[in-house]
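For reference, the structure discussed in these notes is given below.
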Amino acid sequence: MAEAADFSTVSPSPARRLLRRTGALLAAAPLLASLPLLPAAAPAGAATPATAASSSTGTSTVDVAVNSLSPSAPTDGDTVSVSGTVTNKGKQPVTGAHVGLRVGTSYSGRTAVDQAAKNGTGGAADGSEISRKYGKKFAKLAPGVAQDFKLSVPVKALHLGADGVYQLSVALMGQTAAQPYQQTLGIQRTFLPWQPSNADTSMRTTALWPLISDSHLTAETGANEQQTPVFDDNDLAKQIGPGGRLQQMLALGSELDVTWVIDPDLLASVDAMTEPYKVKGANGKLRPGKNQADAKQWLSDLETAVQGQKVVTLPFADPDLASLAHTGTKVTGSLGHLKDATDAATLTVQTILHTKPDTSYAWPAEGAVDRDIVKVATSAGADKIIARSDHFPESAGLTYTPSAARPIGGGASAVVADGRLSTAFQGDMTGAEGSTLAIQKFLAQSLMLNKQTDKQRSVVVAPQRMPTASQAQTMAKALHALQDGTWSQPQTLSAAAKAKPDPAATTRVPHAYPSSLRKQELSRSAFEQIRATQRDLENFQVVLTDQSRVVTPFGRAMDREMSTSWRAESGMSGSFRDGVSSYLSGLTEQVALIDKSEVKLSGRSATIPVSVQNNLWQDVDHLTLRLTSGNGTRLKIGGDTFQDQEVKIASGHSQSVKFTTTAKATGPITVHAQLYTQDGAPYGEPLAFKVDVTEVTPTVMLVIAGGVLLLVLAGYRMYQQRKRAAAAQPDEDAPEGDSVATDDEAGDEPDGDPADTARADVPQQPSDPTADTAPESTDPSGTGERVDR
């Protein structure tokens with residue numbers, strides 16, 4: 001009876017109440033007589049027969065679905081058309097049935113509308129049925145079979161009274177074999193806004209239309225000179241293609257008077273698809289992307305749609321402001337990413353859409369704010385925070401919804417969106433009935449909001465960030481009806497933010513933050529991983545001759561690591577961060593020292609070559625290679641314990657750097673090679689190898705030198721003797737008067753004879769030491785061979 005009181009327009013008369021009780025008793029008598037004796041107790045959790053049947057008896061016997069209602073907000077002279085289906089959920093056929101419209105109560109406020117929406121089906125029959133000539137008859141409704149209906153009723157036949165929101169019910173009456181009399185077997189209630197003429201004071205409504213997507217573009221740029229972008233999947237291509245979510249969002253929004261709220265990362269990602277790109281397959285293998293035409297068309301359509309309209313842009317990749325405020329501020333450098341993301345947003349939108357965006361707005365997740373979030377948002381330049389009224393409550397004494405704008409101190413202001421209107425489309429809108437009921441409830445709440453007071457107010461609708469295609473379609477239908485209605489006028493977000501604040505509205509930023517939303521935030525370890533990646537990037541970029549090829553893609557990738565979209569996919573955020581970090585490490589390792597085997601030195605001084613390779617697609621510079629002796633007493637490098645040499649390597653090449661060494665003792669010594677950047681930070685992994693010094697002692701060298709000298713002198717003496725013997729014999733071919741000059745007479749001019757060569761190699765003084773292994777040149781080698789990649 002309580003439910004009947006909620007929905008009835010007129011209380012039933014005593015005679016009608018008596019007739020209702022009598023009918024209920026007569027209907028229950030045969031059923032009670034046929035019931036077997038019930039057991040003393042049923043097993044825990046088991047459904048009793050009465051429980052199992054309760055969902056398909058009484059006014060819940062037949063499911064009535066309202067799939068369309070047009071017009072959503074009728075005026076004088078209109079005809080209201082309602083269509084849908086009726087389905088018998090009971091076990092017995094329903095006969096003598098007909099479906100018709102009933103007009104019920106006029107609601108008193110927004111809370112009453114909320115309560116009525118929770119009791120949209122079942123319960124006691126309510127309202128008075130309009131003439132049966134507007135209904136539809138069904139001879140028989142078989143169990144489980146759905147049948148269509150369509151009802152058309154002139155507005156004047158509804159007998160609506162004063163302006164307001166009325167209950168409109170679609171009810172089916174019929175009878176069954178168990179209950180052979182006419183009764184209401186199914187009912188579906190909805191709302192009918194009634195404002196036939198323009199309201200005396202029309203509110204101004206701002207509708208945000210978000211073009212936001214989750215992250216799809218990776219930091220990878222392909223193993224080629226052209227820096228081909230790589231996507232994690234093909235989902236974005238599907239969303240911007242024909243019938244996709246983002247394609248429908250764009251098409252629907254272009255027909256509405258809305259304020260576009262755009263994530264620049266979406267623009268950059270789609271723009272990357274207009275040129276050759278790669279997509280990762282299920283096995284990680286890259287394959288060519290094929291949706292260039294769709295990307296070009298989507299961007300062209302968007303540029304046309306936003307011309308002359310206000311475009312609000314979020315920081316690049318829509319960073320999670322609450323996560324930054326509550327956790328990121330505890331990790332050094334996190335806030336710097338927010339400022340970079342804001343700067344990147346302006347450049348991206350201007351470059352791609354050729355329009356200047358408004359970056360003065362911050363939009364925390366679900367419009368939930370606290371003082372820390374406000375501080376973080378304003379630190380990046382935003383001075384207007386988009387909040388939501390269910391997270392920014394008004395004082396208990398205010399009897400109406402105030403305008404959205406209100407100052408919150410420090411030169412910042414909050415733009416508080418209406419919570420009921422903003423969350424109206426978060427449910428399942430894939431079915432026609434769910435969509436229709438959501439539209440009617442949205443319009444009912446809007447009209448009731450306008451009727452609260454005669455004050456001029458600005459209202460903001462901030463829906464979910466990434467509506468599904470069906471939710472977007474429902475939103476568009478509701479906004480069309482509202483903008484064509486008689487109690488609201490559209491306006492931009494900037495106009496709503498500049499509207500005069502209501503002096504009665506609260507300006508106090510909430511202290512508490514919803515615990516359910518805090519559980520979705522990025523952890524501290526996530527921000528620490530981002531910081532580690534940033535440090536690796538800074539260490540890597542200083543050695544590059546073209547830093548933009550690395551700094552830009554990785555900078556934007558780290559923005560994506562902080563995206564609000566990870567709230568819905570917390571498990572995926574860690575994988576994305578790992579992928580960015582691993583790819584950066586892989587690039588860094590493309591510039592590395594080449595492994596060396598053991599080096600043998602056979603003298604007191606020699607050169608040691610160390611090779612560095614560069615497999616990147618650009619030259620590297622500003623690197624220093626340091627070679628350090630493990631024992632500076634036994635082996636010196638360049639006259640000291642270590643020596644540094646600058647390194648510059650062309651793309652795809654290797655370079656050998658030579659170090660002069662001096663050994664003081666024999667035996668193995670460990671030598672360490674390490675690359676450093678200009679600021680002294682180690683670069684890459686160090687290289688350690690052994691140097692085996694096999695130098696002979698001075699005494700042994702003197703003995704060897706003496707032996708060699710004796711052998712040389714003996715050989716020379718034998719040679720001279722042979723020459724003299726040959727000179728003593730007359731030359732038969734020599735002309736008379738001529739004589740053959742001896743070697744002594746010929747002077748010291750070398751004639752290429754082996755003896756002359758040997759002479760040249762003899763030490764000038766017996767005390768001169770024998771020469772060591774000749775040192776190699778210490779001049780830098782050439783660029784080397786090109787490295788195959």
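In the structure tokens, chains take the letters A, B, ... in the order shown, each chain's residues start at 1, and ligands count up from 1 in the order shown.
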Item to check | Near-stretch 594-600 of chain A list (8 Å; only C-alpha atoms; drop same-chain fewer than 5 positions) as an MDAnalysis selection string | outcome: chainID A and resid 608 610:613 687 689:694
Next on the checklist: Excluding stretch 392-406 of chain A and its own-chain neighbours fewer than 6 positions away, which residues fall within 8 Å of it when counting only C-alpha atoms? Please give them as JSON, numbers by chain.
Outcome noted: {"A": [368, 369, 413, 414, 415, 416, 417, 418, 449, 452, 453, 457, 458, 459, 460, 496, 497, 498, 499, 500, 501, 502, 504, 505, 506, 507, 509, 510]}
Next on the checklist: Please compute the atom CA of A:Asp301-atom CA of A:Leu250 distance, one decimal, in Å.
Outcome noted: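 Atom-to-atom, atom CA of A:Asp301 and atom CA of A:Leu250 are spaced 7.7 Å apart.
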Checklist entry - In stretch 109-213 of chain A, what's strand (DSSP E) per DSSP? Answer as a ChimeraX atom specification? => result /A:128-129,136-141,146-154,164-175,183-194,203-211
Checklist entry - What is the distance between atom CA of A:Leu314 and atom CA of A:Ile373, in Å to one decimal? => result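 One can read the atom CA of A:Leu314 to atom CA of A:Ile373 distance as 15.1 Å.
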Next on the checklist: Can you pull out the residues contacting A:Thr359? Cut-off 8 Å, using only C-alpha atoms, and skip same-chain residues under 4 positions away; I want them as a PyMOL selection string.
Outcome noted: chain A and resi 312-315+342+345-346+381-382
Checklist entry - Separation of atom CA of A:Leu353 and atom CA of A:Ala478, in Å? => result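 Atom CA of A:Ala478 lies 28.0 Å from atom CA of A:Leu353.
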Checklist entry - Could you write out, as a VMD selection string, all the residues of stretch 420-462 of chain A that DSSP marks as alpha helix (DSSP H)? => result chain A and resid 420 to 422 432 to 450
What are the nearest atom pairs, with distances in Å to one decimal, for all residues of stretch 171-232 of chain A that come at most 7 Å from stretch 99-108 of chain A, using only C-alpha atoms, set out by chain and rising residue number as a Markdown table?
```
| residue | atom | partner | partner_atom | distance |
| --- | --- | --- | --- | --- |
| A:Ala171 | CA | A:Val99 | CA | 5.6 |
| A:Leu172 | CA | A:Val99 | CA | 4.3 |
| A:Met173 | CA | A:Val99 | CA | 6.4 |
```
Item to check | From A:Ser72, A:Gln426, A:Thr121, A:Ser494, residue lying nearest A:Leu482 [only C-alpha atoms] | outcome: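 Closest to A:Leu482, using only C-alpha atoms: A:Ser72.
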Next on the checklist: Just want the 8 Å neighbourhood of A:Val580, counted on only C-alpha atoms, with same-chain residues fewer than 3 positions away dropped. Output as a list in words.
Outcome noted: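 The contact residues come out as Thr218, Ala219, Glu220, Thr533, Phe554, Ala557, Met558, Phe576, Arg577, Tyr583 and Leu584 of chain A.
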Checklist entry - Nearest to A:Ala568: which of A:Thr486, A:Ser169, A:Thr221, A:Gln520 is it, counting only C-alpha atoms? => result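 The answer is A:Gln520, which sits nearest to A:Ala568.
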Would you kindly return, as an mmCIF file with N, CA and C atoms, in the first residue's frame, each protein, DNA or RNA residue with an atom no farther than 6 Å from any atom of A:Ser565, considering only C-alpha atoms and excluding same-chain residues fewer than 2 positions away?
```cif
data_model
loop_
_atom_site.group_PDB
_atom_site.id
_atom_site.type_symbol
_atom_site.label_atom_id
_atom_site.label_comp_id
_atom_site.auth_asym_id
_atom_site.auth_seq_id
_atom_site.Cartn_x
_atom_site.Cartn_y
_atom_site.Cartn_z
ATOM 1 N N ASP A 214 41.537 5.806 -24.354
ATOM 2 C CA ASP A 214 42.658 5.288 -23.580
ATOM 3 C C ASP A 214 43.905 5.242 -24.449
ATOM 4 N N SER A 563 47.935 8.600 -17.219
ATOM 5 C CA SER A 563 46.606 8.907 -17.733
ATOM 6 C C SER A 563 45.491 8.466 -16.783
ATOM 7 N N ARG A 567 42.497 4.142 -14.665
ATOM 8 C CA ARG A 567 41.590 3.804 -13.561
ATOM 9 C C ARG A 567 40.684 2.636 -13.926
#
```
Checklist entry - Which residue gives the smallest distance to A:Asp114 among A:Ala663, A:Ala438, A:Val647, A:Leu675, with only C-alpha atoms counted? => result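 Ranked by minimum distance to A:Asp114, first place goes to A:Ala438.
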